[in-house]
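Novice: Shown below is the structure under consideration.
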Amino acid sequence: MASPRALLINPPVYDFALFDLFLKPYGLLRIGRWLEDGGYSVDLVNALDYRDPESASLPGFPHRQKNGTGKFFRQRLRNPVLAKVTDRSYARYGILPEVFKKRIKRINPDIVLVTSGMTYWYPGVVEAVEVVRESHPGVPVIVGGVYSTLLPSHCLKVTGADYIVSGEAELHLPAILKKHGLPVPPGTPGRDLLMVPELLSDAAVIRLNDGCPLRCDYCASHIICPAFKKGDAEEAFRVVRELHEKLGTRNFAFYDDALLASGDRVLIPFLEQLIDAAFDIRFFVPNALHLSLLHEKTAFLMKESGFQEIRLGFESSDDDFHIQHDRKYRQDDFPRVIKFLKRAGFAPKEIGVYILAGLPGQRIEEVEASVRYASSFAVKVCLARYSPVPGTSLWQQAVNSCDLPLEEEPLFHNNTLFPLNWSGFRRKDLHELKELVRKLNLKMG
């Protein structure tokens with residue numbers, strides 16, 4: 001009897017700009033490995049494949065960097081909805097549509113799983129489901145991921161998928177598989193990833209912990225994963241070793257929302273194993289680290305084990321900001337942590353500090369003061385524009401403060417549009433602030 005066949009799809013992205021900062025379908029790869037270990041034949045169609053020779057006419061291969069990050073294939077589009085707000089060019093990122101269709105059509109699946117990212121990336125999910133319907137009518141289609149979790153009703157309405165999975169997909173998949181007479185693999189998806197060389201050899205993603213113990217009102221982490229679950233150092237080390245030994249992967253990015261939580265029991269033992277193994281590998285943290293949880297010992301172990309950069313979730317130098325929004329910062333945390341990192345050997349350009357801009361009611365003066373304060377410590381300042389996120393505590397305030405139809409059209413959630421433009425913080429102010437950040441970073445060298 002032939003093995004059941006599962007098709008996994010990482011859809012194209014529609015946006016104004018897209019840079020591959022370790023953008024991998026982590027959840028989909030975990031589920032794929034679980035299905036494969038359970039006897040399934042698993043195929044992955046990655047619409048964000050930057051190596052595809054048939055798409056090289058767009059024009060040529062995208063520029064990539066040694067750390068596994070870089071650009072994707074890009075096709076410029078016209079979007080009449082967003083054209084009312086901005087004249088920025090809109091584009092489809094990914095392999096050519098005809099190549100995407102051809103890859104999906106040549107597979108004969110028993111079930112299809114499509115992942116989703118930002119809410120305003122939903123047009124790519126719609127495209128993926130439409131191609132599957134055209135190529136494989138009658139095959140059940142499941143959509144999971146961030147978009148389906150935050151906006152399940154919208155996702156069901158616009159994609160027409162058979163199943164919309166909210167939250168952790170492994171809680172729902174067994175029942176769906178049984179309903180369609182397909183076998184259910186034993187256990188649940190672990191940390192192991194489906195071994196896809198063209199997706200993971202340049203750079204891979206890993207996760208130690210799930211969720212986050214904090215409840216910041218601008219963040220959806222606790223919606224996507226309601227409970228914080230500490231990881232296992234041995235399991236994480238095994239995943240890194242397998243990827244490094246089988247695929248030759250040298251660059252790894254952490255997808256943790258709270259990497260430093262349970263540090264003594266998880267992160268520190270993990271780093272110590274890496275140091276003992278002496279792998280020739282490098283680590284990156286695209287998600288910001290919590291300042292209050294970064295200790296001197298951890299900083300030294302990070303440097304010794306191969307961390308190439310540190311990104312910190314500073315957000316604001318204003319005490320009232322943290323009292324109101326996240327309660328994750330104390331007055332002495334920032335200078336203390338910067339001192340630890342520099343003492344451990346991280347250069348100024350290797351320390352990135354995120355400053356949040358564009359929250360409901362936030363004034364330009366507060367953000368500018370935070371930028372200047374952080375820069376005074378000779379670190380790299382990174383301006384993070386706020387994106388309204390459905391389901392968060394700040395969502396309704398964002399809806400009430402915005403002159404765009406956030407509840408009706410997720411495309412307006414895109415932070416490129418600076419949706420919470422108001423008299424106290426205008427789009428013009430944002431451009432001036434970005435220029436200030438650029439000059440301060442250049443001055444730092």
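Identifiers in the structure tokens: chain A, B, ... in order shown; residue index from 1 per chain; ligand index from 1 in order shown.
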Among range 216-406 of chain A, which ones does DSSP place in alpha helix (DSSP H), written as a ChimeraX atom specification?
Specialist: /A:221-224,233-247,267-277,296-305,319-325,333-344,364-375,395-401
Novice: If you count only C-alpha atoms, which residues fall within 10 Å of Phe283 in chain A, apart from same-chain ones fewer than 6 positions away, as a list in words?
Specialist: Asn67, Ala203, Ala204, Val205, Ile206, Arg250, Asn251, Phe252, Ala253, Phe254, Met302, Lys303, Ser305, Gly306, Phe307, Gln308, Glu309 and Ile310 of chain A
Novice: Based on the selection just made, write all heavy atoms of those residues as a CSV table (one decimal), in the first residue's frame.
Specialist:
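For reference, out-v9.csv as written:
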chain,number,residue,atom,x,y,z
A,67,ASN,N,25.5,35.1,5.6
A,67,ASN,CA,24.8,34.5,6.8
A,67,ASN,C,23.4,33.9,6.4
A,67,ASN,O,22.7,33.6,7.4
A,67,ASN,CB,24.6,35.6,7.8
A,67,ASN,CG,23.8,36.8,7.4
A,67,ASN,OD1,23.2,36.8,6.2
A,67,ASN,ND2,23.6,37.8,8.2
A,203,ALA,N,20.8,28.7,5.9
A,203,ALA,CA,20.5,29.2,7.3
A,203,ALA,C,19.3,28.4,7.8
A,203,ALA,O,18.4,28.0,7.0
A,203,ALA,CB,20.2,30.7,7.3
A,204,ALA,N,19.2,28.1,9.1
A,204,ALA,CA,18.1,27.3,9.7
A,204,ALA,C,17.6,28.1,10.9
A,204,ALA,O,18.3,29.0,11.4
A,204,ALA,CB,18.6,25.9,10.1
A,205,VAL,N,16.4,27.7,11.3
A,205,VAL,CA,15.8,28.3,12.5
A,205,VAL,C,15.6,27.3,13.6
A,205,VAL,O,15.3,26.1,13.3
A,205,VAL,CB,14.5,29.1,12.2
A,205,VAL,CG1,14.8,30.3,11.3
A,205,VAL,CG2,13.5,28.1,11.5
A,206,ILE,N,15.7,27.7,14.8
A,206,ILE,CA,15.5,26.8,15.9
A,206,ILE,C,14.7,27.6,17.0
A,206,ILE,O,14.6,28.8,16.9
A,206,ILE,CB,16.9,26.3,16.5
A,206,ILE,CG1,17.7,27.5,16.9
A,206,ILE,CG2,17.6,25.4,15.6
A,206,ILE,CD1,19.0,27.0,17.7
A,250,ARG,N,25.5,26.3,8.8
A,250,ARG,CA,26.4,27.1,9.8
A,250,ARG,C,25.7,28.2,10.4
A,250,ARG,O,26.1,28.7,11.5
A,250,ARG,CB,27.6,27.6,9.0
A,250,ARG,CG,28.5,26.5,8.5
A,250,ARG,CD,29.8,27.1,8.0
A,250,ARG,NE,30.5,27.9,9.0
A,250,ARG,CZ,30.8,29.2,8.9
A,250,ARG,NH1,30.5,29.8,7.8
A,250,ARG,NH2,31.5,29.8,9.8
A,251,ASN,N,24.6,28.7,9.8
A,251,ASN,CA,23.9,29.9,10.4
A,251,ASN,C,22.6,29.5,11.0
A,251,ASN,O,21.8,28.8,10.3
A,251,ASN,CB,23.6,30.9,9.2
A,251,ASN,CG,24.9,31.4,8.6
A,251,ASN,OD1,25.8,32.0,9.3
A,251,ASN,ND2,25.1,31.2,7.3
A,252,PHE,N,22.3,29.9,12.2
A,252,PHE,CA,21.1,29.5,12.9
A,252,PHE,C,20.5,30.8,13.5
A,252,PHE,O,21.2,31.6,14.2
A,252,PHE,CB,21.4,28.5,14.0
A,252,PHE,CG,21.8,27.1,13.5
A,252,PHE,CD1,23.2,26.9,13.2
A,252,PHE,CD2,20.9,26.1,13.4
A,252,PHE,CE1,23.6,25.7,12.7
A,252,PHE,CE2,21.3,24.9,12.9
A,252,PHE,CZ,22.6,24.6,12.6
A,253,ALA,N,19.2,30.9,13.4
A,253,ALA,CA,18.5,32.0,14.0
A,253,ALA,C,17.5,31.5,15.0
A,253,ALA,O,16.8,30.5,14.7
A,253,ALA,CB,17.7,32.8,12.9
A,254,PHE,N,17.4,32.1,16.2
A,254,PHE,CA,16.4,31.7,17.2
A,254,PHE,C,15.1,32.3,16.9
A,254,PHE,O,15.0,33.6,16.7
A,254,PHE,CB,16.9,32.1,18.6
A,254,PHE,CG,18.0,31.3,19.1
A,254,PHE,CD1,19.3,31.7,18.9
A,254,PHE,CD2,17.8,30.1,19.8
A,254,PHE,CE1,20.4,31.0,19.4
A,254,PHE,CE2,18.9,29.4,20.2
A,254,PHE,CZ,20.2,29.8,20.1
A,302,MET,N,27.1,33.5,25.2
A,302,MET,CA,26.7,33.8,23.9
A,302,MET,C,27.8,34.1,22.9
A,302,MET,O,27.9,33.6,21.8
A,302,MET,CB,25.6,35.0,23.9
A,302,MET,CG,24.3,34.6,24.4
A,302,MET,SD,23.2,36.0,24.5
A,302,MET,CE,21.6,35.2,24.5
A,303,LYS,N,28.7,35.0,23.4
A,303,LYS,CA,29.8,35.4,22.5
A,303,LYS,C,30.7,34.2,22.2
A,303,LYS,O,31.1,34.0,21.1
A,303,LYS,CB,30.6,36.5,23.2
A,303,LYS,CG,31.7,37.0,22.4
A,303,LYS,CD,31.2,37.7,21.1
A,303,LYS,CE,32.3,38.3,20.3
A,303,LYS,NZ,31.8,38.9,19.0
A,305,SER,N,29.9,31.0,22.2
A,305,SER,CA,29.3,29.9,21.4
A,305,SER,C,29.0,30.3,20.0
A,305,SER,O,28.5,29.5,19.2
A,305,SER,CB,28.0,29.5,22.1
A,305,SER,OG,27.1,30.6,22.3
A,306,GLY,N,29.2,31.6,19.6
A,306,GLY,CA,29.1,32.0,18.2
A,306,GLY,C,28.0,33.0,17.9
A,306,GLY,O,27.7,33.1,16.7
A,307,PHE,N,27.4,33.7,18.8
A,307,PHE,CA,26.4,34.7,18.5
A,307,PHE,C,27.1,35.8,17.8
A,307,PHE,O,28.1,36.4,18.2
A,307,PHE,CB,25.8,35.2,19.8
A,307,PHE,CG,24.7,34.3,20.3
A,307,PHE,CD1,24.9,33.0,20.7
A,307,PHE,CD2,23.4,34.7,20.3
A,307,PHE,CE1,23.9,32.2,21.2
A,307,PHE,CE2,22.3,33.9,20.8
A,307,PHE,CZ,22.6,32.6,21.2
A,308,GLN,N,26.5,36.2,16.6
A,308,GLN,CA,27.1,37.2,15.8
A,308,GLN,C,26.6,38.6,16.1
A,308,GLN,O,27.1,39.6,15.7
A,308,GLN,CB,26.9,36.9,14.3
A,308,GLN,CG,27.5,35.6,13.9
A,308,GLN,CD,29.0,35.5,14.0
A,308,GLN,OE1,29.7,36.3,13.4
A,308,GLN,NE2,29.5,34.6,14.9
A,309,GLU,N,25.4,38.6,16.8
A,309,GLU,CA,24.8,39.9,17.1
A,309,GLU,C,23.8,39.7,18.2
A,309,GLU,O,23.5,38.6,18.6
A,309,GLU,CB,24.0,40.4,15.9
A,309,GLU,CG,22.8,39.4,15.5
A,309,GLU,CD,21.9,39.9,14.5
A,309,GLU,OE1,22.2,41.0,13.8
A,309,GLU,OE2,20.8,39.3,14.3
A,310,ILE,N,23.4,40.8,18.8
A,310,ILE,CA,22.4,40.8,19.9
A,310,ILE,C,21.4,41.9,19.6
A,310,ILE,O,21.8,43.0,19.3
A,310,ILE,CB,23.1,41.1,21.3
A,310,ILE,CG1,24.0,39.9,21.7
A,310,ILE,CG2,22.0,41.2,22.3
A,310,ILE,CD1,23.4,38.6,21.9
Novice: Show which residues sit within 8 Å of Leu18 in chain A, as a PyMOL selection string. Count only C-alpha atoms, and ignore same-chain residues fewer than 3 positions away.
Specialist: chain A and resi 15+71-72+93
Novice: Could those selected residues go to a file with N, CA, C and O atoms, as a compact mmCIF listing (two decimals), in the first residue's frame?
Specialist:
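Result saved to part.txt:
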# COMPACT_ATOMS: atom_id res chain seq x y z
N ASP A 15 3.85 42.50 -0.58
CA ASP A 15 4.22 43.56 0.36
C ASP A 15 4.96 44.66 -0.40
O ASP A 15 5.26 44.52 -1.59
N LYS A 71 17.70 38.88 -0.37
CA LYS A 71 16.49 39.26 -1.09
C LYS A 71 15.83 38.05 -1.75
O LYS A 71 16.42 36.99 -1.88
N PHE A 72 14.57 38.28 -2.20
CA PHE A 72 13.80 37.27 -2.92
C PHE A 72 13.52 37.77 -4.34
O PHE A 72 13.68 38.95 -4.64
N TYR A 93 6.47 38.74 -3.95
CA TYR A 93 7.80 38.17 -3.70
C TYR A 93 7.72 36.65 -3.76
O TYR A 93 6.89 36.02 -3.09
Novice: Set the distance at 9 Å and use only C-alpha atoms: which residues neighbour Ile338 in chain A once local chain neighbours fewer than 6 positions away are removed? I'd like the list as a PyMOL selection string.
Specialist: chain A and resi 351+377+379
Novice: What's the 10 Å shell around range 402-414 of chain A, counting only C-alpha atoms, without same-chain residues fewer than 3 positions away, as an NGL selection string?
Specialist: :A and (14-16 or 81-82 or 85 or 118-123 or 147 or 151 or 154 or 360 or 385-390 or 395-399 or 417-422)
Novice: Measuring atom to atom with only C-alpha atoms, identify which of A:Ser317, A:Thr69, A:Thr392, A:Asn10 is nearest to Val114 in chain A.
Specialist: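 Residue with the minimum atom-to-atom distance to Val114 in chain A: A:Asn10.
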Novice: Between A:Val240, A:Ile111, A:Ala347, A:Val158, which one has atoms that come closest to Lys179 in chain A, using only C-alpha atoms?
Specialist: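 Smallest separation from Lys179 in chain A among the options: A:Ile111.
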Novice: Find the residues around Asn108 in chain A up to 10 Å (only C-alpha atoms counted), leave out those fewer than 2 positions away in its own chain, and share them as a PDB file with all heavy atoms, in the first residue's frame.
Specialist:
ATOM      1  N   PRO A   4       0.643   7.565   2.406  1.00  0.00           N
ATOM      2  CA  PRO A   4      -0.128   8.792   2.192  1.00  0.00           C
ATOM      3  C   PRO A   4       0.820   9.948   1.885  1.00  0.00           C
ATOM      4  O   PRO A   4       1.947   9.973   2.369  1.00  0.00           O
ATOM      5  CB  PRO A   4      -0.859   8.986   3.518  1.00  0.00           C
ATOM      6  CG  PRO A   4      -0.041   8.247   4.522  1.00  0.00           C
ATOM      7  CD  PRO A   4       0.541   7.076   3.801  1.00  0.00           C
ATOM      8  N   ARG A   5       0.350  10.885   1.088  1.00  0.00           N
ATOM      9  CA  ARG A   5       1.224  11.968   0.654  1.00  0.00           C
ATOM     10  C   ARG A   5       0.688  13.318   1.124  1.00  0.00           C
ATOM     11  O   ARG A   5      -0.478  13.652   0.905  1.00  0.00           O
ATOM     12  CB  ARG A   5       1.344  11.976  -0.873  1.00  0.00           C
ATOM     13  CG  ARG A   5       2.495  12.812  -1.401  1.00  0.00           C
ATOM     14  CD  ARG A   5       2.782  12.490  -2.851  1.00  0.00           C
ATOM     15  NE  ARG A   5       4.062  13.050  -3.273  1.00  0.00           N
ATOM     16  CZ  ARG A   5       4.579  12.866  -4.481  1.00  0.00           C
ATOM     17  NH1 ARG A   5       3.929  12.141  -5.383  1.00  0.00           N
ATOM     18  NH2 ARG A   5       5.749  13.388  -4.793  1.00  0.00           N
ATOM     19  N   ALA A   6       1.557  14.073   1.776  1.00  0.00           N
ATOM     20  CA  ALA A   6       1.202  15.400   2.262  1.00  0.00           C
ATOM     21  C   ALA A   6       1.984  16.453   1.492  1.00  0.00           C
ATOM     22  O   ALA A   6       3.194  16.316   1.287  1.00  0.00           O
ATOM     23  CB  ALA A   6       1.493  15.516   3.752  1.00  0.00           C
ATOM     24  N   LEU A   7       1.284  17.503   1.070  1.00  0.00           N
ATOM     25  CA  LEU A   7       1.917  18.623   0.387  1.00  0.00           C
ATOM     26  C   LEU A   7       1.912  19.823   1.331  1.00  0.00           C
ATOM     27  O   LEU A   7       0.862  20.257   1.808  1.00  0.00           O
ATOM     28  CB  LEU A   7       1.150  18.973  -0.890  1.00  0.00           C
ATOM     29  CG  LEU A   7       1.514  20.289  -1.592  1.00  0.00           C
ATOM     30  CD1 LEU A   7       2.988  20.313  -1.984  1.00  0.00           C
ATOM     31  CD2 LEU A   7       0.620  20.517  -2.808  1.00  0.00           C
ATOM     32  N   ASP A  43       6.079  16.434   0.622  1.00  0.00           N
ATOM     33  CA  ASP A  43       6.654  17.359  -0.352  1.00  0.00           C
ATOM     34  C   ASP A  43       6.435  18.784   0.139  1.00  0.00           C
ATOM     35  O   ASP A  43       5.359  19.113   0.667  1.00  0.00           O
ATOM     36  CB  ASP A  43       5.976  17.208  -1.720  1.00  0.00           C
ATOM     37  CG  ASP A  43       6.148  15.816  -2.295  1.00  0.00           C
ATOM     38  OD1 ASP A  43       7.211  15.557  -2.890  1.00  0.00           O
ATOM     39  OD2 ASP A  43       5.223  14.995  -2.135  1.00  0.00           O
ATOM     40  N   ILE A 104       3.228  22.715  -7.765  1.00  0.00           N
ATOM     41  CA  ILE A 104       2.091  22.156  -7.030  1.00  0.00           C
ATOM     42  C   ILE A 104       1.385  21.088  -7.862  1.00  0.00           C
ATOM     43  O   ILE A 104       0.983  20.034  -7.330  1.00  0.00           O
ATOM     44  CB  ILE A 104       1.113  23.281  -6.645  1.00  0.00           C
ATOM     45  CG1 ILE A 104       1.742  24.156  -5.553  1.00  0.00           C
ATOM     46  CG2 ILE A 104      -0.229  22.723  -6.174  1.00  0.00           C
ATOM     47  CD1 ILE A 104       0.932  25.380  -5.183  1.00  0.00           C
ATOM     48  N   LYS A 105       1.249  21.338  -9.155  1.00  0.00           N
ATOM     49  CA  LYS A 105       0.502  20.428 -10.020  1.00  0.00           C
ATOM     50  C   LYS A 105       1.173  19.071 -10.176  1.00  0.00           C
ATOM     51  O   LYS A 105       0.496  18.036 -10.323  1.00  0.00           O
ATOM     52  CB  LYS A 105       0.315  21.069 -11.399  1.00  0.00           C
ATOM     53  CG  LYS A 105      -0.686  20.350 -12.275  1.00  0.00           C
ATOM     54  CD  LYS A 105      -1.009  21.163 -13.516  1.00  0.00           C
ATOM     55  CE  LYS A 105      -2.107  20.475 -14.326  1.00  0.00           C
ATOM     56  NZ  LYS A 105      -2.493  21.280 -15.525  1.00  0.00           N
ATOM     57  N   ARG A 106       2.505  19.017 -10.112  1.00  0.00           N
ATOM     58  CA  ARG A 106       3.205  17.757 -10.360  1.00  0.00           C
ATOM     59  C   ARG A 106       3.158  16.802  -9.169  1.00  0.00           C
ATOM     60  O   ARG A 106       3.611  15.668  -9.257  1.00  0.00           O
ATOM     61  CB  ARG A 106       4.649  18.024 -10.756  1.00  0.00           C
ATOM     62  CG  ARG A 106       5.540  18.551  -9.658  1.00  0.00           C
ATOM     63  CD  ARG A 106       6.897  18.938 -10.194  1.00  0.00           C
ATOM     64  NE  ARG A 106       7.787  19.420  -9.146  1.00  0.00           N
ATOM     65  CZ  ARG A 106       8.887  20.126  -9.359  1.00  0.00           C
ATOM     66  NH1 ARG A 106       9.233  20.424 -10.611  1.00  0.00           N
ATOM     67  NH2 ARG A 106       9.641  20.527  -8.360  1.00  0.00           N
ATOM     68  N   ASP A 110      -2.598  13.710  -0.764  1.00  0.00           N
ATOM     69  CA  ASP A 110      -3.826  13.297  -0.085  1.00  0.00           C
ATOM     70  C   ASP A 110      -4.337  14.401   0.828  1.00  0.00           C
ATOM     71  O   ASP A 110      -5.512  14.418   1.190  1.00  0.00           O
ATOM     72  CB  ASP A 110      -3.567  12.034   0.751  1.00  0.00           C
ATOM     73  CG  ASP A 110      -3.187  10.851  -0.123  1.00  0.00           C
ATOM     74  OD1 ASP A 110      -4.038  10.428  -0.933  1.00  0.00           O
ATOM     75  OD2 ASP A 110      -2.044  10.369  -0.004  1.00  0.00           O
ATOM     76  N   ILE A 111      -3.442  15.302   1.210  1.00  0.00           N
ATOM     77  CA  ILE A 111      -3.811  16.436   2.057  1.00  0.00           C
ATOM     78  C   ILE A 111      -2.806  17.560   1.831  1.00  0.00           C
ATOM     79  O   ILE A 111      -1.634  17.299   1.514  1.00  0.00           O
ATOM     80  CB  ILE A 111      -3.871  16.023   3.543  1.00  0.00           C
ATOM     81  CG1 ILE A 111      -4.621  17.086   4.357  1.00  0.00           C
ATOM     82  CG2 ILE A 111      -2.475  15.744   4.112  1.00  0.00           C
ATOM     83  CD1 ILE A 111      -5.164  16.563   5.667  1.00  0.00           C
ATOM     84  N   VAL A 112      -3.265  18.810   1.980  1.00  0.00           N
ATOM     85  CA  VAL A 112      -2.411  19.968   1.729  1.00  0.00           C
ATOM     86  C   VAL A 112      -2.433  20.872   2.956  1.00  0.00           C
ATOM     87  O   VAL A 112      -3.500  21.170   3.504  1.00  0.00           O
ATOM     88  CB  VAL A 112      -2.893  20.766   0.498  1.00  0.00           C
ATOM     89  CG1 VAL A 112      -2.016  21.998   0.289  1.00  0.00           C
ATOM     90  CG2 VAL A 112      -2.881  19.885  -0.745  1.00  0.00           C
ATOM     91  N   SER A 135      -5.510  22.678  -9.249  1.00  0.00           N
ATOM     92  CA  SER A 135      -4.682  21.517  -9.602  1.00  0.00           C
ATOM     93  C   SER A 135      -5.175  20.212  -8.987  1.00  0.00           C
ATOM     94  O   SER A 135      -5.027  19.142  -9.583  1.00  0.00           O
ATOM     95  CB  SER A 135      -3.232  21.769  -9.161  1.00  0.00           C
ATOM     96  OG  SER A 135      -2.710  22.944  -9.731  1.00  0.00           O
ATOM     97  N   HIS A 136      -5.743  20.303  -7.777  1.00  0.00           N
ATOM     98  CA  HIS A 136      -6.139  19.091  -7.053  1.00  0.00           C
ATOM     99  C   HIS A 136      -7.523  19.263  -6.417  1.00  0.00           C
ATOM    100  O   HIS A 136      -7.663  19.310  -5.192  1.00  0.00           O
ATOM    101  CB  HIS A 136      -5.105  18.764  -5.974  1.00  0.00           C
ATOM    102  CG  HIS A 136      -3.698  18.707  -6.476  1.00  0.00           C
ATOM    103  ND1 HIS A 136      -3.243  17.716  -7.322  1.00  0.00           N
ATOM    104  CD2 HIS A 136      -2.629  19.551  -6.282  1.00  0.00           C
ATOM    105  CE1 HIS A 136      -1.964  17.926  -7.610  1.00  0.00           C
ATOM    106  NE2 HIS A 136      -1.577  19.030  -6.999  1.00  0.00           N
ATOM    107  N   VAL A 139      -9.119  17.648  -2.820  1.00  0.00           N
ATOM    108  CA  VAL A 139      -8.125  17.350  -1.791  1.00  0.00           C
ATOM    109  C   VAL A 139      -8.291  18.348  -0.646  1.00  0.00           C
ATOM    110  O   VAL A 139      -8.336  19.557  -0.884  1.00  0.00           O
ATOM    111  CB  VAL A 139      -6.694  17.425  -2.363  1.00  0.00           C
ATOM    112  CG1 VAL A 139      -5.660  17.225  -1.256  1.00  0.00           C
ATOM    113  CG2 VAL A 139      -6.504  16.382  -3.452  1.00  0.00           C
TER     114      VAL A 139
END
Novice: Pull the closest atom pair for each residue of range 324-413 of chain A that gets at most 6 Å from range 217-233 of chain A, along with the distance in Å to one decimal, counting only C-alpha atoms, ordering rows by chain and then ascending residue number, as JSON lines.
Specialist:
{"residue": "A:His325", "atom": "CA", "partner": "A:Asp217", "partner_atom": "CA", "distance": 5.5}
{"residue": "A:Thr392", "atom": "CA", "partner": "A:Asp217", "partner_atom": "CA", "distance": 5.8}
{"residue": "A:Ser393", "atom": "CA", "partner": "A:Asp217", "partner_atom": "CA", "distance": 4.7}
{"residue": "A:Leu394", "atom": "CA", "partner": "A:Asp217", "partner_atom": "CA", "distance": 5.3}
Novice: Go ahead and write the residues just picked, all heavy atoms, as a compact mmCIF listing (two decimals), in the first residue's frame.
Specialist:
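Ended up saving to selection_2.txt:
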# COMPACT_ATOMS: atom_id res chain seq x y z
N HIS A 325 2.53 49.86 28.80
CA HIS A 325 2.46 48.86 27.73
C HIS A 325 3.05 47.49 28.05
O HIS A 325 2.54 46.49 27.54
CB HIS A 325 3.16 49.40 26.48
CG HIS A 325 2.49 50.59 25.88
ND1 HIS A 325 1.22 50.56 25.36
CD2 HIS A 325 2.94 51.87 25.72
CE1 HIS A 325 0.90 51.75 24.90
NE2 HIS A 325 1.92 52.57 25.09
N THR A 392 -4.77 41.76 20.27
CA THR A 392 -3.92 42.31 21.33
C THR A 392 -4.69 43.34 22.14
O THR A 392 -5.72 43.87 21.69
CB THR A 392 -2.65 42.95 20.76
OG1 THR A 392 -3.04 44.01 19.86
CG2 THR A 392 -1.82 41.93 19.99
N SER A 393 -4.20 43.66 23.32
CA SER A 393 -4.86 44.64 24.18
C SER A 393 -4.92 46.02 23.55
O SER A 393 -5.81 46.82 23.85
CB SER A 393 -4.14 44.72 25.53
OG SER A 393 -4.13 43.46 26.16
N LEU A 394 -3.97 46.30 22.67
CA LEU A 394 -3.89 47.62 22.05
C LEU A 394 -4.72 47.72 20.77
O LEU A 394 -4.84 48.80 20.19
CB LEU A 394 -2.43 47.96 21.76
CG LEU A 394 -2.00 49.43 21.77
CD1 LEU A 394 -2.35 50.11 23.08
CD2 LEU A 394 -0.49 49.53 21.50
Novice: Which of these residues is nearest to Arg265 in chain A, using only C-alpha atoms: A:Glu234, A:Asp318, A:Asp280, A:Glu54?
Specialist: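 Selected residue with least distance to Arg265 in chain A: A:Glu234.
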Novice: Any chance you could list, as a list in words, the residues in range 308-337 of chain A that come up strand (DSSP E or B) when DSSP is run on the backbone?
Specialist: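 Going through range 308-337 of chain A, the strand (DSSP E or B) residues come out as Ile310, Arg311, Leu312, Gly313, Phe314 and Glu315 of chain A.
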Novice: With distances taken over only C-alpha atoms, which residue among A:Gly39, A:Gly358, A:Pro213, A:Gly352 lies nearest Asp326 in chain A?
Specialist: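 Answer, going by the shortest atom-to-atom distance: A:Pro213.
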Novice: Using only C-alpha atoms, find the one residue out of A:Gly263, A:Gly38, A:Pro348, A:Gly68 that sits nearest to Pro186 in chain A.
Specialist: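 Nearest candidate to Pro186 in chain A out of A:Gly263, A:Gly38, A:Pro348, A:Gly68: A:Gly38.
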Novice: Any chance you could tabulate, as a Markdown table, the residues of range 303-375 of chain A at most 9 Å from range 431-438 of chain A with each one's nearest atom pair and distance in Å to one decimal, using only C-alpha atoms, in chain and rising number order?
Specialist:
| residue | atom | partner | partner_atom | distance |
| --- | --- | --- | --- | --- |
| A:Ile364 | CA | A:Leu433 | CA | 8.3 |
| A:Val367 | CA | A:Leu433 | CA | 8.5 |
| A:Glu368 | CA | A:Leu433 | CA | 6.9 |
| A:Val371 | CA | A:Val437 | CA | 7.1 |
| A:Arg372 | CA | A:Val437 | CA | 8.5 |
| A:Ser375 | CA | A:Val437 | CA | 8.5 |
Novice: State, in Å with one decimal place, the distance from CA of Ile95 in chain A to CA of Arg74 in chain A.
Specialist: 8.1 Å
Novice: Need to verify the contact set: Gly145 in chain A, 6 Å, only C-alpha atoms, exclusion of same-chain residues closer than 3 positions in sequence. Can you return it as a PyMOL selection string?
Specialist: chain A and resi 115-116+148
